[in-house]
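Data block for data06.cif (mmCIF, C-alpha atoms and all ligand atoms):
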data_my_file
#
loop_
_atom_site.label_atom_id
_atom_site.label_comp_id
_atom_site.auth_asym_id
_atom_site.auth_seq_id
_atom_site.Cartn_x
_atom_site.Cartn_y
_atom_site.Cartn_z
CA MET A 20 5.37 -3.08 14.37
CA GLN A 21 7.38 -4.43 11.44
CA ASP A 22 5.65 -5.06 8.14
CA ARG A 23 5.23 -8.78 7.59
CA HIS A 24 7.24 -9.95 4.61
CA ASP A 25 7.33 -13.09 2.57
CA PRO A 26 10.20 -11.34 0.85
CA ASP A 27 9.58 -12.81 -2.57
CA HIS A 28 5.93 -12.33 -2.72
CA LEU A 29 3.70 -10.79 -0.07
CA THR A 30 4.07 -7.71 2.12
CA ILE A 31 1.32 -6.88 4.60
CA VAL A 32 1.58 -3.25 5.61
CA THR A 33 0.96 -3.37 9.34
CA HIS A 34 1.47 0.36 9.93
CA PRO A 35 -1.12 1.52 12.51
CA LEU A 36 -2.42 4.28 10.24
CA VAL A 37 -3.12 1.77 7.48
CA GLN A 38 -4.80 -0.65 9.89
CA HIS A 39 -6.91 2.09 11.50
CA LYS A 40 -8.12 3.52 8.21
CA LEU A 41 -8.82 0.05 6.86
CA SER A 42 -11.02 -0.76 9.85
CA LEU A 43 -13.00 2.45 9.29
CA MET A 44 -13.48 1.45 5.66
CA ARG A 45 -14.60 -2.08 6.52
CA ASP A 46 -17.38 -0.75 8.77
CA LYS A 47 -20.59 -1.06 6.76
CA THR A 48 -21.89 2.23 8.17
CA ALA A 49 -19.04 4.24 6.55
CA SER A 50 -20.48 6.75 4.07
CA THR A 51 -19.47 6.81 0.41
CA SER A 52 -17.58 10.06 0.93
CA SER A 53 -15.62 8.84 3.94
CA PHE A 54 -14.89 5.51 2.20
CA ARG A 55 -13.48 7.43 -0.77
CA ARG A 56 -11.44 9.79 1.39
CA LEU A 57 -10.00 6.91 3.42
CA LEU A 58 -9.12 4.99 0.27
CA ARG A 59 -7.25 7.99 -1.08
CA GLU A 60 -5.35 8.40 2.20
CA ILE A 61 -4.53 4.70 2.49
CA SER A 62 -3.37 4.55 -1.13
CA MET A 63 -0.64 7.07 -0.32
CA LEU A 64 0.55 4.96 2.60
CA LEU A 65 0.53 1.80 0.49
CA ALA A 66 2.34 3.63 -2.34
CA TYR A 67 5.07 4.45 0.15
CA GLU A 68 5.59 0.72 0.74
CA VAL A 69 5.35 -0.46 -2.87
CA THR A 70 7.98 2.09 -3.94
CA ARG A 71 10.26 1.51 -0.94
CA ASP A 72 13.07 -0.11 -2.93
CA LEU A 73 13.05 2.05 -6.06
CA PRO A 74 16.63 2.77 -7.05
CA LEU A 75 18.16 6.17 -6.39
CA GLU A 76 20.96 7.95 -8.16
CA ALA A 77 23.06 10.90 -7.10
CA ARG A 78 22.48 14.31 -8.66
CA ARG A 79 24.81 17.22 -8.08
CA ILE A 80 22.89 20.21 -6.71
CA GLU A 81 23.69 23.41 -4.84
CA THR A 82 22.01 23.97 -1.50
CA PRO A 83 22.20 27.51 -0.08
CA LEU A 84 25.26 26.29 1.84
CA GLY A 85 27.14 24.56 -0.94
CA PRO A 86 27.25 21.63 -3.36
CA MET A 87 26.10 18.11 -2.58
CA GLU A 88 25.44 14.81 -4.32
CA ALA A 89 21.70 14.53 -3.67
CA PRO A 90 19.70 11.27 -4.04
CA VAL A 91 16.92 11.37 -6.64
CA LEU A 92 14.86 8.58 -8.21
CA ALA A 93 16.90 6.86 -10.87
CA GLY A 94 15.89 6.94 -14.53
CA ARG A 95 13.08 4.50 -14.98
CA LYS A 96 9.63 6.09 -14.89
CA LEU A 97 6.73 4.37 -13.19
CA ALA A 98 3.59 3.10 -14.85
CA LEU A 99 0.44 2.72 -12.78
CA VAL A 100 -2.17 0.41 -14.22
CA SER A 101 -5.64 0.47 -12.72
CA ILE A 102 -7.87 -2.57 -12.94
CA LEU A 103 -11.27 -1.00 -13.65
CA ARG A 104 -13.27 0.14 -12.01
CA ALA A 105 -12.29 -0.17 -8.38
CA GLY A 106 -8.59 0.32 -9.12
CA ASN A 107 -9.32 3.96 -9.93
CA GLY A 108 -9.97 4.58 -6.25
CA LEU A 109 -6.29 3.93 -5.55
CA LEU A 110 -4.96 6.10 -8.37
CA ASP A 111 -5.50 9.64 -7.07
CA GLY A 112 -3.55 9.22 -3.86
CA ILE A 113 -0.65 7.49 -5.58
CA LEU A 114 -0.50 10.12 -8.33
CA GLU A 115 -0.29 12.82 -5.72
CA LEU A 116 2.95 11.22 -4.52
CA ILE A 117 4.24 10.26 -7.98
CA PRO A 118 2.82 12.87 -10.37
CA ALA A 119 5.13 11.89 -13.25
CA ALA A 120 3.83 8.31 -13.41
CA ARG A 121 2.16 7.19 -16.63
CA VAL A 122 -1.27 5.64 -16.19
CA GLY A 123 -2.97 2.72 -17.92
CA PHE A 124 -6.31 0.99 -17.53
CA VAL A 125 -7.37 -2.60 -17.85
CA GLY A 126 -11.08 -3.41 -17.91
CA LEU A 127 -11.95 -6.88 -16.71
CA TYR A 128 -15.20 -8.11 -15.24
CA ARG A 129 -15.82 -11.34 -13.46
CA ASP A 130 -18.25 -13.69 -15.12
CA PRO A 131 -20.65 -14.27 -12.20
CA GLU A 132 -21.01 -17.97 -13.04
CA THR A 133 -17.42 -18.98 -13.66
CA LEU A 134 -15.71 -16.13 -11.73
CA GLN A 135 -13.31 -16.00 -14.70
CA PRO A 136 -12.14 -12.59 -15.99
CA VAL A 137 -13.50 -11.21 -19.26
CA GLN A 138 -11.54 -8.33 -20.84
CA TYR A 139 -13.48 -5.34 -22.20
CA TYR A 140 -10.85 -2.57 -22.24
CA CYS A 141 -7.08 -2.18 -22.30
CA LYS A 142 -5.09 1.04 -22.74
CA LEU A 143 -1.50 0.94 -21.53
CA PRO A 144 1.38 3.44 -21.52
CA ALA A 145 4.13 3.03 -24.12
CA GLU A 146 7.49 1.45 -23.33
CA LEU A 147 6.40 -0.66 -20.40
CA GLU A 148 9.66 -2.56 -20.78
CA ASN A 149 11.46 0.53 -19.47
CA ARG A 150 9.16 1.16 -16.52
CA VAL A 151 8.36 -0.34 -13.17
CA THR A 152 4.68 -1.24 -13.58
CA ILE A 153 2.41 -1.14 -10.55
CA LEU A 154 -0.99 -2.75 -11.01
CA VAL A 155 -3.61 -1.45 -8.60
CA ASP A 156 -6.87 -3.04 -7.49
CA PRO A 157 -8.28 -2.71 -3.97
CA MET A 158 -9.36 -6.36 -3.74
CA LEU A 159 -7.21 -9.40 -4.52
CA ALA A 160 -9.99 -12.01 -4.29
CA THR A 161 -9.82 -15.10 -6.53
CA GLY A 162 -6.74 -13.66 -8.21
CA ASN A 163 -8.17 -14.52 -11.65
CA SER A 164 -8.56 -10.89 -12.79
CA SER A 165 -5.28 -9.88 -11.21
CA ALA A 166 -3.38 -12.70 -12.91
CA ALA A 167 -5.06 -11.84 -16.24
CA ALA A 168 -4.13 -8.17 -15.80
CA VAL A 169 -0.51 -9.16 -15.16
CA ASP A 170 -0.63 -11.30 -18.33
CA LEU A 171 -1.77 -8.22 -20.29
CA VAL A 172 0.95 -5.89 -19.03
CA LYS A 173 3.62 -8.55 -19.55
CA GLU A 174 2.36 -9.14 -23.10
CA ALA A 175 2.72 -5.37 -23.60
CA GLY A 176 6.37 -5.60 -22.54
CA ALA A 177 6.40 -5.01 -18.77
CA ARG A 178 9.27 -6.84 -17.14
CA GLU A 179 9.13 -5.51 -13.60
CA VAL A 180 5.60 -5.70 -12.24
CA ARG A 181 4.24 -5.12 -8.74
CA PHE A 182 0.70 -5.55 -7.45
CA LEU A 183 -0.86 -3.18 -4.93
CA CYS A 184 -4.14 -3.88 -3.14
CA LEU A 185 -5.98 -2.96 0.00
CA LEU A 186 -7.18 -6.43 0.96
CA ALA A 187 -6.13 -9.88 -0.16
CA ALA A 188 -7.59 -13.36 0.27
CA PRO A 189 -5.28 -16.36 0.66
CA GLU A 190 -6.82 -17.85 -2.50
CA GLY A 191 -5.85 -14.79 -4.53
CA VAL A 192 -2.34 -14.67 -3.15
CA ALA A 193 -1.85 -18.36 -4.00
CA ARG A 194 -3.25 -17.88 -7.52
CA MET A 195 -0.90 -14.96 -8.15
CA LYS A 196 2.06 -16.83 -6.73
CA ALA A 197 1.35 -19.79 -9.04
CA ALA A 198 0.78 -17.64 -12.15
CA HIS A 199 3.29 -14.85 -11.54
CA PRO A 200 5.83 -15.74 -8.84
CA ASP A 201 7.96 -12.78 -9.96
CA VAL A 202 5.28 -10.21 -9.04
CA PRO A 203 5.47 -8.97 -5.45
CA ILE A 204 2.17 -8.11 -3.76
CA VAL A 205 1.71 -5.29 -1.25
CA THR A 206 -1.55 -5.34 0.73
CA GLY A 207 -3.09 -3.70 3.79
CA ALA A 208 -4.37 -7.03 5.13
CA LEU A 209 -4.67 -10.73 4.40
CA ASP A 210 -8.22 -11.81 5.25
CA SER A 211 -9.67 -15.20 6.09
CA HIS A 212 -11.21 -16.63 2.92
CA LEU A 213 -13.58 -16.12 -0.01
CA ASN A 214 -17.29 -16.81 0.20
CA ASP A 215 -19.23 -18.74 -2.45
CA HIS A 216 -19.64 -15.59 -4.54
CA GLY A 217 -15.91 -14.85 -4.56
CA TYR A 218 -16.14 -12.04 -1.99
CA ILE A 219 -13.44 -11.59 0.62
CA VAL A 220 -14.51 -12.42 4.21
CA PRO A 221 -14.63 -10.43 6.41
CA GLY A 222 -13.54 -7.96 3.71
CA LEU A 223 -15.41 -4.75 3.11
CA GLY A 224 -18.00 -5.73 0.52
CA ASP A 225 -17.91 -4.60 -3.09
CA ALA A 226 -15.16 -1.99 -3.23
CA GLY A 227 -16.47 -0.41 -6.45
CA ASP A 228 -20.01 -0.07 -5.09
CA ARG A 229 -18.77 1.36 -1.83
CA MET A 230 -16.48 3.97 -3.42
CA PHE A 231 -18.89 5.04 -6.16
CA GLY A 232 -22.14 4.73 -4.17
CA THR A 233 -23.70 2.34 -6.67
CA ARG A 234 -26.06 -0.51 -5.89
N1 LIG B 1 -14.28 -7.52 -5.30
C1 LIG B 1 -14.80 -6.73 -4.32
O1 LIG B 1 -15.11 -5.57 -4.55
N2 LIG B 1 -14.94 -7.25 -3.10
C2 LIG B 1 -14.61 -8.50 -2.80
O2 LIG B 1 -14.75 -8.92 -1.64
C3 LIG B 1 -14.07 -9.32 -3.83
C4 LIG B 1 -13.92 -8.79 -5.07
#
Could you render the structure as structure tokens?
Amino acid sequence: MQDRHDPDHLTIVTHPLVQHKLSLMRDKTASTSSFRRLLREISMLLAYEVTRDLPLEARRIETPLGPMEAPVLAGRKLALVSILRAGNGLLDGILELIPAARVGFVGLYRDPETLQPVQYYCKLPAELENRVTILVDPMLATGNSSAAAVDLVKEAGAREVRFLCLLAAPEGVARMKAAHPDVPIVTGALDSHLNDHGYIVPGLGDAGDRMFGTR
């Protein structure tokens, strides 16, 4: 099946492996260890999609049979920025594929009353203006934290930003499109809606609690 693209904004990765692993993660009986393992595996598959159009350049190398102009990733290094704490669950798998990426962290929590993001931490790699910056958070729910995190990396200089998540709600996608129409989103699924507490339905619950075994 083809991935579904709204080319400017949203890509839903419909690959059967992603969909299968996501269903196992949604199941409330999944253990903490299997949830974590599946998240790591899925993050590699999603990383494949979010980096699909990175530019290549030719490098002259010698194979055992002779010279060739071989494609390698062109100059600009990647920055991965995790939205704490659940974003960290996506980092390991992506770093396995892209070990040279620089890594930053943005700490935002949702005020339970207003659902608005409150920043408590921010540490970003240098020279974001020269990097493709990929923000990672498993859940794009209201979009408030995600939009605030994009604000932060843009204020730090990032010019080319992408957003990678496991699950998105229509409300979050719309919020991101309104605030940052230049930021493409890659997700494993687009769910139905948010409940009154800002949780994605049917979703998978609290991603941080499920990956870290808290609560
Ligand atoms: N954060 C989560 O962990 N889960 C949701 O459903 C929404 C936000």
Each residue of chain A with at least one atom at most 7 Å from ligand LIG 1 (chain B) should appear once, together with its nearest atom pair and the corresponding distance in Å (one decimal); atoms considered: only C-alpha atoms and all ligand atoms; ordering: chain, then increasing residue number; output as CSV.
residue,atom,partner,partner_atom,distance
A:Met158,CA,B:LIG1,N1,5.3
A:Leu159,CA,B:LIG1,C4,6.8
A:Ala160,CA,B:LIG1,C3,4.9
A:Gly217,CA,B:LIG1,C3,5.9
A:Tyr218,CA,B:LIG1,O2,3.4
A:Ile219,CA,B:LIG1,O2,3.7
A:Val220,CA,B:LIG1,O2,6.8
A:Gly222,CA,B:LIG1,O2,5.6
A:Leu223,CA,B:LIG1,O2,6.4
A:Gly224,CA,B:LIG1,N2,5.0
A:Asp225,CA,B:LIG1,O1,3.3
A:Ala226,CA,B:LIG1,O1,3.8
A:Gly227,CA,B:LIG1,O1,5.7
Create the file for the chosen residues now, containing C-alpha atoms and written as a PDB file, keeping the file's coordinate frame.
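Below you can see part07.pdb, which holds the result:
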ATOM      1  CA  MET A 158      -9.360  -6.360  -3.740  1.00  0.00           C
ATOM      2  CA  LEU A 159      -7.210  -9.400  -4.520  1.00  0.00           C
ATOM      3  CA  ALA A 160      -9.990 -12.010  -4.290  1.00  0.00           C
ATOM      4  CA  GLY A 217     -15.910 -14.850  -4.560  1.00  0.00           C
ATOM      5  CA  TYR A 218     -16.140 -12.040  -1.990  1.00  0.00           C
ATOM      6  CA  ILE A 219     -13.440 -11.590   0.620  1.00  0.00           C
ATOM      7  CA  VAL A 220     -14.510 -12.420   4.210  1.00  0.00           C
ATOM      8  CA  GLY A 222     -13.540  -7.960   3.710  1.00  0.00           C
ATOM      9  CA  LEU A 223     -15.410  -4.750   3.110  1.00  0.00           C
ATOM     10  CA  GLY A 224     -18.000  -5.730   0.520  1.00  0.00           C
ATOM     11  CA  ASP A 225     -17.910  -4.600  -3.090  1.00  0.00           C
ATOM     12  CA  ALA A 226     -15.160  -1.990  -3.230  1.00  0.00           C
ATOM     13  CA  GLY A 227     -16.470  -0.410  -6.450  1.00  0.00           C
TER      14      GLY A 227
END
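Interatomic distance, CA of Pro136 in chain A against CA of Leu183 in chain A: 18.4 Å.
Atom pair CA of Val100 in chain A / CA of Asp215 in chain A: separated by 28.2 Å.
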| field | Within 9 Å of range 152-154 of chain A using all atoms listed in the file, minus same-chain residues under 2 positions, as a ChimeraX atom specification | value | /A:69,96-102,106,147-148,150,156,165,168-169,172,177-184
| field | Selection: 8 Å around Ser164 in chain A, all atoms listed in the file, excl. self and same-chain fewer than 3 positions, as a PyMOL selection string | value | chain A and resi 127-129+135-136+161+167-168
| message | Using only C-alpha atoms for the distances, tell me which of A:Arg56, A:Arg78, A:Lys47, A:Arg71 is nearest to Thr30 in chain A. | response | A:Arg71
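CA of Tyr67 in chain A lies 12.1 Å from CA of Gly207 in chain A.
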Which residues of range 23-80 of chain A have any atom within 12 Å of an atom in range 109-122 of chain A when counting all atoms listed in the file, and what is the closest pair of atoms for each, with the distance in Å to one decimal? Order the rows by chain and rising number and write it as a tab-separated table.
residue	atom	partner	partner_atom	distance
A:Phe54	CA	A:Leu109	CA	11.7
A:Arg55	CA	A:Leu109	CA	9.3
A:Arg56	CA	A:Gly112	CA	9.5
A:Leu57	CA	A:Gly112	CA	10.0
A:Leu58	CA	A:Leu109	CA	6.6
A:Arg59	CA	A:Gly112	CA	4.8
A:Glu60	CA	A:Gly112	CA	6.4
A:Ile61	CA	A:Gly112	CA	7.9
A:Ser62	CA	A:Leu109	CA	5.3
A:Met63	CA	A:Gly112	CA	5.1
A:Leu64	CA	A:Ile113	CA	8.6
A:Leu65	CA	A:Ile113	CA	8.4
A:Ala66	CA	A:Ile113	CA	5.9
A:Tyr67	CA	A:Leu116	CA	8.5
A:Glu68	CA	A:Ile113	CA	11.2
A:Val69	CA	A:Ile113	CA	10.3
A:Thr70	CA	A:Ile117	CA	9.9
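Among the candidates A:Arg95, A:Arg104, A:Arg79, A:Lys196, the one nearest to Val151 in chain A when counting all atoms listed in the file is A:Arg95.
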| For Val137 in chain A, the nearest of the candidates A:Pro35, A:Ala188, A:Glu81, A:Asn163, counting all atoms listed in the file | A:Asn163
Given 4 Å on each side, where is the centre and what are the edge lengths in Å to one decimal of the axis-aligned box enclosing the listed atoms of range 148-157 of chain A, as lines of an AutoDock Vina configuration file?
center_x = 1.6
center_y = -0.9
center_z = -12.4
size_x = 27.7
size_y = 12.2
size_z = 24.8
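Using only C-alpha atoms, the nearest neighbour of Thr233 in chain A within the list A:Lys142, A:Thr51, A:Pro83, A:Ala187 is A:Thr51.
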| field | Surrounding residues of Met195 in chain A excluding itself and chain neighbours under 5 positions, 8 Å, all atoms listed in the file, as an MDAnalysis selection string | value | chainID A and resid 162 165:166 200 202
